[in-house]
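Novice: Next up, run-v8.pdb (PDB, C-alpha atoms).
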```
ATOM      1  CA  MET A 253      37.924 -18.368  21.465
ATOM      2  CA  ILE A 254      35.625 -16.051  19.493
ATOM      3  CA  VAL A 255      33.589 -13.788  21.779
ATOM      4  CA  PHE A 256      32.262 -11.360  19.167
ATOM      5  CA  ASP A 257      31.834 -11.835  15.439
ATOM      6  CA  LYS A 258      29.948 -10.458  12.462
ATOM      7  CA  PRO A 259      26.557 -12.152  11.996
ATOM      8  CA  LYS A 260      26.433 -14.557   9.054
ATOM      9  CA  SER A 261      23.294 -12.795   7.857
ATOM     10  CA  LEU A 262      25.273  -9.607   7.184
ATOM     11  CA  THR A 263      27.444  -9.316   4.090
ATOM     12  CA  ASP A 264      30.967  -7.891   4.092
ATOM     13  CA  ALA A 265      29.765  -4.659   2.459
ATOM     14  CA  VAL A 266      30.748  -1.492   4.330
ATOM     15  CA  PHE A 267      27.752   0.504   5.579
ATOM     16  CA  HIS A 268      27.218   3.826   3.839
ATOM     17  CA  TYR A 269      25.471   5.400   6.830
ATOM     18  CA  CYS A 270      26.646   8.637   8.435
ATOM     19  CA  PRO A 271      28.702   8.554  11.672
ATOM     20  CA  GLY A 272      26.365   8.210  14.633
ATOM     21  CA  CYS A 273      23.478   6.845  12.574
ATOM     22  CA  THR A 274      21.900   3.876  14.315
ATOM     23  CA  HIS A 275      20.850   1.996  11.165
ATOM     24  CA  GLY A 276      24.001  -0.090  11.458
ATOM     25  CA  ILE A 277      23.167  -1.188  15.003
ATOM     26  CA  VAL A 278      19.659  -2.201  13.980
ATOM     27  CA  HIS A 279      20.965  -4.058  10.921
ATOM     28  CA  ARG A 280      23.164  -6.108  13.205
ATOM     29  CA  LEU A 281      20.317  -6.889  15.595
ATOM     30  CA  VAL A 282      18.132  -8.058  12.717
ATOM     31  CA  ALA A 283      20.953 -10.223  11.357
ATOM     32  CA  GLU A 284      21.746 -11.673  14.794
ATOM     33  CA  SER A 285      18.080 -12.599  15.269
ATOM     34  CA  ILE A 286      17.967 -14.310  11.878
ATOM     35  CA  ASP A 287      21.133 -16.267  12.691
ATOM     36  CA  GLU A 288      20.015 -17.324  16.161
ATOM     37  CA  LEU A 289      16.622 -18.488  14.911
ATOM     38  CA  GLY A 290      18.253 -20.455  12.105
ATOM     39  CA  ILE A 291      16.086 -18.923   9.391
ATOM     40  CA  GLU A 292      18.732 -17.327   7.162
ATOM     41  CA  GLY A 293      18.061 -19.809   4.351
ATOM     42  CA  ARG A 294      14.371 -18.970   4.102
ATOM     43  CA  THR A 295      14.253 -15.267   4.953
ATOM     44  CA  ILE A 296      13.223 -12.615   2.420
ATOM     45  CA  GLY A 297      13.723  -8.937   3.210
ATOM     46  CA  ILE A 298      11.979  -5.965   1.629
ATOM     47  CA  ALA A 299      14.159  -2.865   1.217
ATOM     48  CA  PRO A 300      12.528   0.581   1.312
ATOM     49  CA  VAL A 301      13.148   3.981  -0.184
ATOM     50  CA  GLY A 302      15.144   6.168   2.190
ATOM     51  CA  CYS A 303      18.540   5.997   3.874
ATOM     52  CA  SER A 304      18.272   2.202   4.063
ATOM     53  CA  VAL A 305      17.432   1.882   0.369
ATOM     54  CA  LEU A 306      20.679  -0.095   0.007
ATOM     55  CA  ALA A 307      19.709  -2.659   2.650
ATOM     56  CA  TYR A 308      19.891  -5.317  -0.062
ATOM     57  CA  ASN A 309      23.685  -4.825  -0.042
ATOM     58  CA  TYR A 310      23.949  -5.595   3.653
ATOM     59  CA  PHE A 311      21.658  -8.521   4.444
ATOM     60  CA  ALA A 312      22.861 -11.919   3.242
ATOM     61  CA  CYS A 313      19.391 -13.153   2.370
ATOM     62  CA  ASP A 314      17.065 -12.721  -0.580
ATOM     63  CA  MET A 315      16.038  -9.067  -0.834
ATOM     64  CA  ILE A 316      13.414  -7.227  -2.867
ATOM     65  CA  GLU A 317      13.407  -3.474  -3.511
ATOM     66  CA  ALA A 318       9.921  -2.006  -3.070
ATOM     67  CA  ALA A 319       8.536   1.228  -4.448
ATOM     68  CA  HIS A 320       8.356   4.059  -1.923
ATOM     69  CA  GLY A 321       6.000   3.103   0.896
ATOM     70  CA  ARG A 322       4.859  -0.163  -0.659
ATOM     71  CA  ALA A 323       7.042  -2.564   1.330
ATOM     72  CA  PRO A 324       4.156  -3.950   3.457
ATOM     73  CA  ALA A 325       2.134  -4.653   0.303
ATOM     74  CA  VAL A 326       5.120  -6.370  -1.330
ATOM     75  CA  ALA A 327       5.791  -8.319   1.863
ATOM     76  CA  THR A 328       2.152  -9.410   1.950
ATOM     77  CA  GLY A 329       2.347 -10.707  -1.618
ATOM     78  CA  VAL A 330       5.580 -12.590  -0.961
ATOM     79  CA  LYS A 331       4.279 -14.144   2.252
ATOM     80  CA  ARG A 332       1.009 -15.254   0.690
ATOM     81  CA  ALA A 333       2.782 -16.716  -2.339
ATOM     82  CA  LEU A 334       5.509 -18.356  -0.218
ATOM     83  CA  PRO A 335       3.970 -18.931   3.220
ATOM     84  CA  ASP A 336       6.922 -21.015   4.408
ATOM     85  CA  ARG A 337       9.296 -18.044   4.037
ATOM     86  CA  ILE A 338      10.085 -15.548   6.789
ATOM     87  CA  VAL A 339       9.398 -12.092   5.383
ATOM     88  CA  PHE A 340      10.412  -8.768   6.884
ATOM     89  CA  SER A 341      10.359  -5.168   5.729
ATOM     90  CA  TYR A 342      12.832  -2.559   6.954
ATOM     91  CA  GLN A 343      11.397   0.967   6.694
ATOM     92  CA  GLY A 344      11.960   4.546   7.769
ATOM     93  CA  ASP A 345       9.365   7.048   8.955
ATOM     94  CA  GLY A 346       8.865   8.732   5.589
ATOM     95  CA  ASP A 347       8.477   5.387   3.837
ATOM     96  CA  LEU A 348       6.209   3.778   6.429
ATOM     97  CA  ALA A 349       4.353   6.650   8.083
ATOM     98  CA  SER A 350       3.875   9.037   5.166
ATOM     99  CA  ILE A 351       3.607   7.704   1.627
ATOM    100  CA  GLY A 352       3.169   4.165   2.952
ATOM    101  CA  MET A 353       0.661   4.834   5.706
ATOM    102  CA  CYS A 354      -2.201   3.155   3.823
ATOM    103  CA  GLU A 355      -0.157   0.003   3.259
ATOM    104  CA  THR A 356       1.017  -0.018   6.871
ATOM    105  CA  VAL A 357      -2.433   0.341   8.401
ATOM    106  CA  SER A 358      -4.092  -2.057   5.982
ATOM    107  CA  THR A 359      -1.432  -4.731   6.465
ATOM    108  CA  ALA A 360      -1.693  -4.415  10.249
ATOM    109  CA  ALA A 361      -5.505  -4.474  10.142
ATOM    110  CA  ARG A 362      -5.408  -7.730   8.176
ATOM    111  CA  GLY A 363      -2.958  -9.212  10.660
ATOM    112  CA  GLU A 364      -0.598 -10.364   7.911
ATOM    113  CA  ASN A 365       1.998 -12.795   9.217
ATOM    114  CA  ILE A 366       5.018 -10.593   8.485
ATOM    115  CA  THR A 367       7.583  -8.645  10.510
ATOM    116  CA  ILE A 368       8.201  -4.905  10.110
ATOM    117  CA  ILE A 369      11.254  -3.110  11.453
ATOM    118  CA  PHE A 370      10.372   0.595  11.608
ATOM    119  CA  ILE A 371      13.128   3.196  12.003
ATOM    120  CA  ASN A 372      11.856   6.447  13.522
ATOM    121  CA  ASN A 373      14.460   9.235  13.451
ATOM    122  CA  ALA A 374      11.911  12.060  13.188
ATOM    123  CA  ILE A 375      13.236  13.412   9.885
ATOM    124  CA  TYR A 376      13.693  12.623   6.201
ATOM    125  CA  GLY A 377      17.337  11.597   6.113
ATOM    126  CA  MET A 378      18.155  10.673   2.525
ATOM    127  CA  THR A 379      16.479  13.637   0.835
ATOM    128  CA  GLY A 380      18.070  16.376   2.906
ATOM    129  CA  GLY A 381      16.287  16.719   6.218
ATOM    130  CA  GLN A 382      12.683  17.657   5.497
ATOM    131  CA  MET A 383       9.982  17.383   8.143
ATOM    132  CA  ALA A 384       8.635  13.856   8.594
ATOM    133  CA  PRO A 385       5.289  12.686  10.002
ATOM    134  CA  THR A 386       7.236  11.867  13.160
ATOM    135  CA  SER A 387       9.099  15.189  13.501
ATOM    136  CA  LEU A 388       8.709  16.709  16.963
ATOM    137  CA  ILE A 389       6.791  19.849  17.852
ATOM    138  CA  GLY A 390       9.254  22.729  17.521
ATOM    139  CA  GLN A 391      11.771  20.633  15.597
ATOM    140  CA  VAL A 392      13.687  22.600  12.976
ATOM    141  CA  THR A 393      13.909  20.888   9.598
ATOM    142  CA  GLN A 394      14.408  22.033   6.011
ATOM    143  CA  THR A 395      10.648  22.395   5.600
ATOM    144  CA  SER A 396       9.965  23.700   9.116
ATOM    145  CA  PRO A 397      12.773  26.251   9.519
ATOM    146  CA  TYR A 398      11.011  27.919  12.460
ATOM    147  CA  GLY A 399      10.169  24.645  14.133
ATOM    148  CA  ARG A 400       7.209  22.344  13.586
ATOM    149  CA  ASP A 401       4.016  24.250  14.384
ATOM    150  CA  PRO A 402       1.009  21.994  15.106
ATOM    151  CA  LYS A 403      -1.378  24.736  13.969
ATOM    152  CA  THR A 404      -0.148  24.497  10.398
ATOM    153  CA  GLN A 405       1.824  21.243  10.238
ATOM    154  CA  GLY A 406      -0.061  18.975  12.591
ATOM    155  CA  TYR A 407       1.156  16.768  15.382
ATOM    156  CA  PRO A 408       3.675  13.896  15.285
ATOM    157  CA  ILE A 409       2.199  10.501  14.430
ATOM    158  CA  ARG A 410       2.764   7.768  16.991
ATOM    159  CA  ILE A 411       2.705   4.577  14.947
ATOM    160  CA  CYS A 412       2.635   2.018  17.764
ATOM    161  CA  GLU A 413      -0.215   3.804  19.525
ATOM    162  CA  LEU A 414      -2.112   4.168  16.254
ATOM    163  CA  LEU A 415      -1.759   0.518  15.247
ATOM    164  CA  ALA A 416      -2.636  -0.615  18.776
ATOM    165  CA  THR A 417      -6.204   0.585  18.149
ATOM    166  CA  LEU A 418      -6.562  -2.124  15.475
ATOM    167  CA  ASP A 419      -7.593  -5.708  16.127
ATOM    168  CA  GLY A 420      -5.115  -7.240  13.675
ATOM    169  CA  PRO A 421      -1.616  -6.807  15.162
ATOM    170  CA  GLU A 422      -0.051  -9.546  17.271
ATOM    171  CA  TYR A 423       2.928  -7.603  18.600
ATOM    172  CA  LEU A 424       3.823  -3.911  18.682
ATOM    173  CA  ALA A 425       6.870  -2.600  20.528
ATOM    174  CA  ARG A 426       8.907   0.589  20.632
ATOM    175  CA  VAL A 427      12.595   0.406  21.503
ATOM    176  CA  THR A 428      15.765   2.415  20.983
ATOM    177  CA  VAL A 429      19.481   1.654  20.622
ATOM    178  CA  ASN A 430      21.278   4.631  22.206
ATOM    179  CA  SER A 431      22.736   2.636  25.110
ATOM    180  CA  VAL A 432      23.817  -0.916  25.881
ATOM    181  CA  PRO A 433      20.692  -1.746  27.949
ATOM    182  CA  HIS A 434      18.488  -0.299  25.212
ATOM    183  CA  VAL A 435      20.305  -2.309  22.543
ATOM    184  CA  ARG A 436      19.647  -5.491  24.519
ATOM    185  CA  GLN A 437      15.963  -4.634  24.857
ATOM    186  CA  ALA A 438      15.767  -3.882  21.142
ATOM    187  CA  LYS A 439      17.381  -7.232  20.274
ATOM    188  CA  LYS A 440      14.834  -9.048  22.437
ATOM    189  CA  ALA A 441      11.920  -7.279  20.728
ATOM    190  CA  ILE A 442      13.234  -7.850  17.199
ATOM    191  CA  LYS A 443      13.886 -11.521  17.847
ATOM    192  CA  LYS A 444      10.400 -11.913  19.323
ATOM    193  CA  ALA A 445       8.874 -10.295  16.233
ATOM    194  CA  PHE A 446      10.581 -12.881  14.038
ATOM    195  CA  GLN A 447       9.658 -15.721  16.403
ATOM    196  CA  ASN A 448       6.004 -14.675  16.208
ATOM    197  CA  GLN A 449       6.115 -15.041  12.444
ATOM    198  CA  ILE A 450       7.773 -18.460  12.674
ATOM    199  CA  GLU A 451       4.930 -19.551  14.956
ATOM    200  CA  GLY A 452       2.315 -18.104  12.576
ATOM    201  CA  LYS A 453       0.969 -15.617  15.111
ATOM    202  CA  GLY A 454       0.548 -12.709  12.695
ATOM    203  CA  PHE A 455       1.606  -9.106  12.281
ATOM    204  CA  SER A 456       4.547  -7.822  14.343
ATOM    205  CA  LEU A 457       6.107  -4.352  14.205
ATOM    206  CA  VAL A 458       9.110  -3.109  16.147
ATOM    207  CA  GLU A 459       9.611   0.658  16.104
ATOM    208  CA  VAL A 460      13.187   1.719  16.791
ATOM    209  CA  VAL A 461      13.636   5.322  17.965
ATOM    210  CA  SER A 462      16.794   6.232  16.071
ATOM    211  CA  SER A 463      19.244   9.042  15.435
ATOM    212  CA  CYS A 464      20.111  11.273  12.483
ATOM    213  CA  PRO A 465      23.047  13.443  13.615
ATOM    214  CA  THR A 466      23.632  14.857  10.136
ATOM    215  CA  ASN A 467      20.157  16.295   9.653
ATOM    216  CA  TRP A 468      19.583  17.031  13.325
ATOM    217  CA  GLY A 469      22.729  19.171  13.162
ATOM    218  CA  VAL A 470      24.365  17.604  16.210
ATOM    219  CA  THR A 471      27.343  15.367  16.941
ATOM    220  CA  PRO A 472      26.885  11.589  17.217
ATOM    221  CA  LEU A 473      27.238  11.798  21.011
ATOM    222  CA  GLU A 474      24.736  14.648  21.235
ATOM    223  CA  ALA A 475      22.338  12.641  19.091
ATOM    224  CA  MET A 476      22.318   9.814  21.654
ATOM    225  CA  LYS A 477      21.420  12.329  24.364
ATOM    226  CA  TRP A 478      18.805  13.930  22.101
ATOM    227  CA  ILE A 479      17.049  10.575  21.861
ATOM    228  CA  ASP A 480      16.770  10.427  25.660
ATOM    229  CA  GLU A 481      15.853  14.061  26.168
ATOM    230  CA  LYS A 482      13.620  14.785  23.165
ATOM    231  CA  MET A 483      12.546  11.640  21.335
ATOM    232  CA  ILE A 484      11.599   9.267  24.141
ATOM    233  CA  PRO A 485       9.271  11.758  25.922
ATOM    234  CA  GLN A 486       7.350  12.034  22.630
ATOM    235  CA  TYR A 487       7.693   8.342  21.799
ATOM    236  CA  PRO A 488       7.640   6.363  25.073
ATOM    237  CA  LEU A 489       9.380   3.008  24.929
ATOM    238  CA  GLY A 490       7.494  -0.173  25.705
ATOM    239  CA  VAL A 491       5.259  -2.952  24.408
ATOM    240  CA  TYR A 492       2.000  -1.649  22.992
ATOM    241  CA  ARG A 493       0.485  -5.002  22.036
ATOM    242  CA  ASP A 494       1.496  -8.541  22.867
ATOM    243  CA  ARG A 495      -1.322 -11.034  22.478
ATOM    244  CA  SER A 496       0.729 -13.891  23.930
ATOM    245  CA  GLU A 497       1.224 -11.936  27.158
ATOM    246  CA  GLU A 498      -2.412 -10.896  27.225
ATOM    247  CA  ALA A 499      -3.532 -14.499  26.815
ATOM    248  CA  SER A 500      -1.363 -15.656  29.729
ATOM    249  CA  ARG A 501      -2.847 -13.225  32.193
TER
END
```
Write out the structure in this file as structure tokens.
Specialist:
Amino acid sequence: MIVFDKPKSLTDAVFHYCPGCTHGIVHRLVAESIDELGIEGRTIGIAPVGCSVLAYNYFACDMIEAAHGRAPAVATGVKRALPDRIVFSYQGDGDLASIGMCETVSTAARGENITIIFINNAIYGMTGGQMAPTSLIGQVTQTSPYGRDPKTQGYPIRICELLATLDGPEYLARVTVNSVPHVRQAKKAIKKAFQNQIEGKGFSLVEVVSSCPTNWGVTPLEAMKWIDEKMIPQYPLGVYRDRSEEASR
């Protein structure tokens, strides 16, 4: 009897991610959701620029590589041209919250019927550990060697809270994957985001508070604790918009 198996929506390619990076966990949750909803044959993913730039190697569905930050715009075009397809983008904080902020906000404001998986690890991973829009106050990065100072470098951007001020989004949730209970909660949110699209409800974004042990300069185990102790106080977990729940009250 098989009790645990690789999702069909993941290829056999070996992940290139660093030890302790949570991209792999999130990839699996996305793939499991696609499998369980039976949409693998009509799903199109949009790969970003960043550590997950090679996502097209890992998901066993049609994939498109977008220019840096433009994944929501590409996803919008694909969805409008092929409305029967299930379209998702998979983006990091530099891709989505920096160079792609305009596309993110505009797509959410229009309520496009797509799903965005947003990885927030508070740093630019692929390019060497520079400060990201989501980097924490006091966080040491390559471009904030003395710690992020809000007087000169501003405050971290909370994407879920920002998008929740718009009328367009259907579903906004922030989760993490640093423990078994958190992984289960993340799976539930990701699956719901895809289900919303299947039902034509509109724009859904799931933000996953993630780790980057390499650029944080900690061990994989320490990175899981750092999420609890540092990241979650800045980025509280929870559902920030769920129109279906609001309508049932």
Novice: Quick one: residues within 9 Å of A:Gln486, all atoms listed in the file counted, chain neighbours fewer than 2 positions away excluded, as a list of chain:residue names?
Specialist: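 Result of the neighbour search: A:Leu388, A:Pro408, A:Arg410, A:Lys482, A:Met483, A:Ile484, A:Pro488.
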Novice: Ranking A:Met476, A:Ala438, A:Ile366, A:Met383 by minimum distance to A:Gly452 and counting all atoms listed in the file, which one comes first?
Specialist: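 For A:Gly452, the nearest of the given residues is A:Ile366.
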Novice: Could you tell me which of A:Cys273, A:Ala319, A:Ala312, A:Leu473 comes closest to A:Ile291 if we count only C-alpha atoms?
Specialist: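 Between A:Cys273, A:Ala319, A:Ala312, A:Leu473, the residue approaching A:Ile291 most closely is A:Ala312.
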Novice: What is the atom CA of A:Val427 to atom CA of A:Ala361 distance in Å?
Specialist: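 Atom CA of A:Ala361 lies 21.9 Å from atom CA of A:Val427.
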Novice: Of the candidates A:Thr356, A:Ser341, A:Thr395, A:Asn467, which shows the shortest atom-to-atom distance to A:Ala318, using only C-alpha atoms?
Specialist: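 Of the candidates, the smallest distance to A:Ala318 is held by A:Ser341.
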Novice: Within 12 Å of (10.8, 22.9, 13.5) (coordinates as in the file), grab all the protein and nucleic acid residues, counting only C-alpha atoms, and write them out as a PyMOL selection string.
Specialist: chain A and resi 374-375+381-384+386-402+404-408+468
Novice: Quick one, how far is atom CA of A:Tyr423 from atom CA of A:Asn309?
Specialist: 28.0 Å
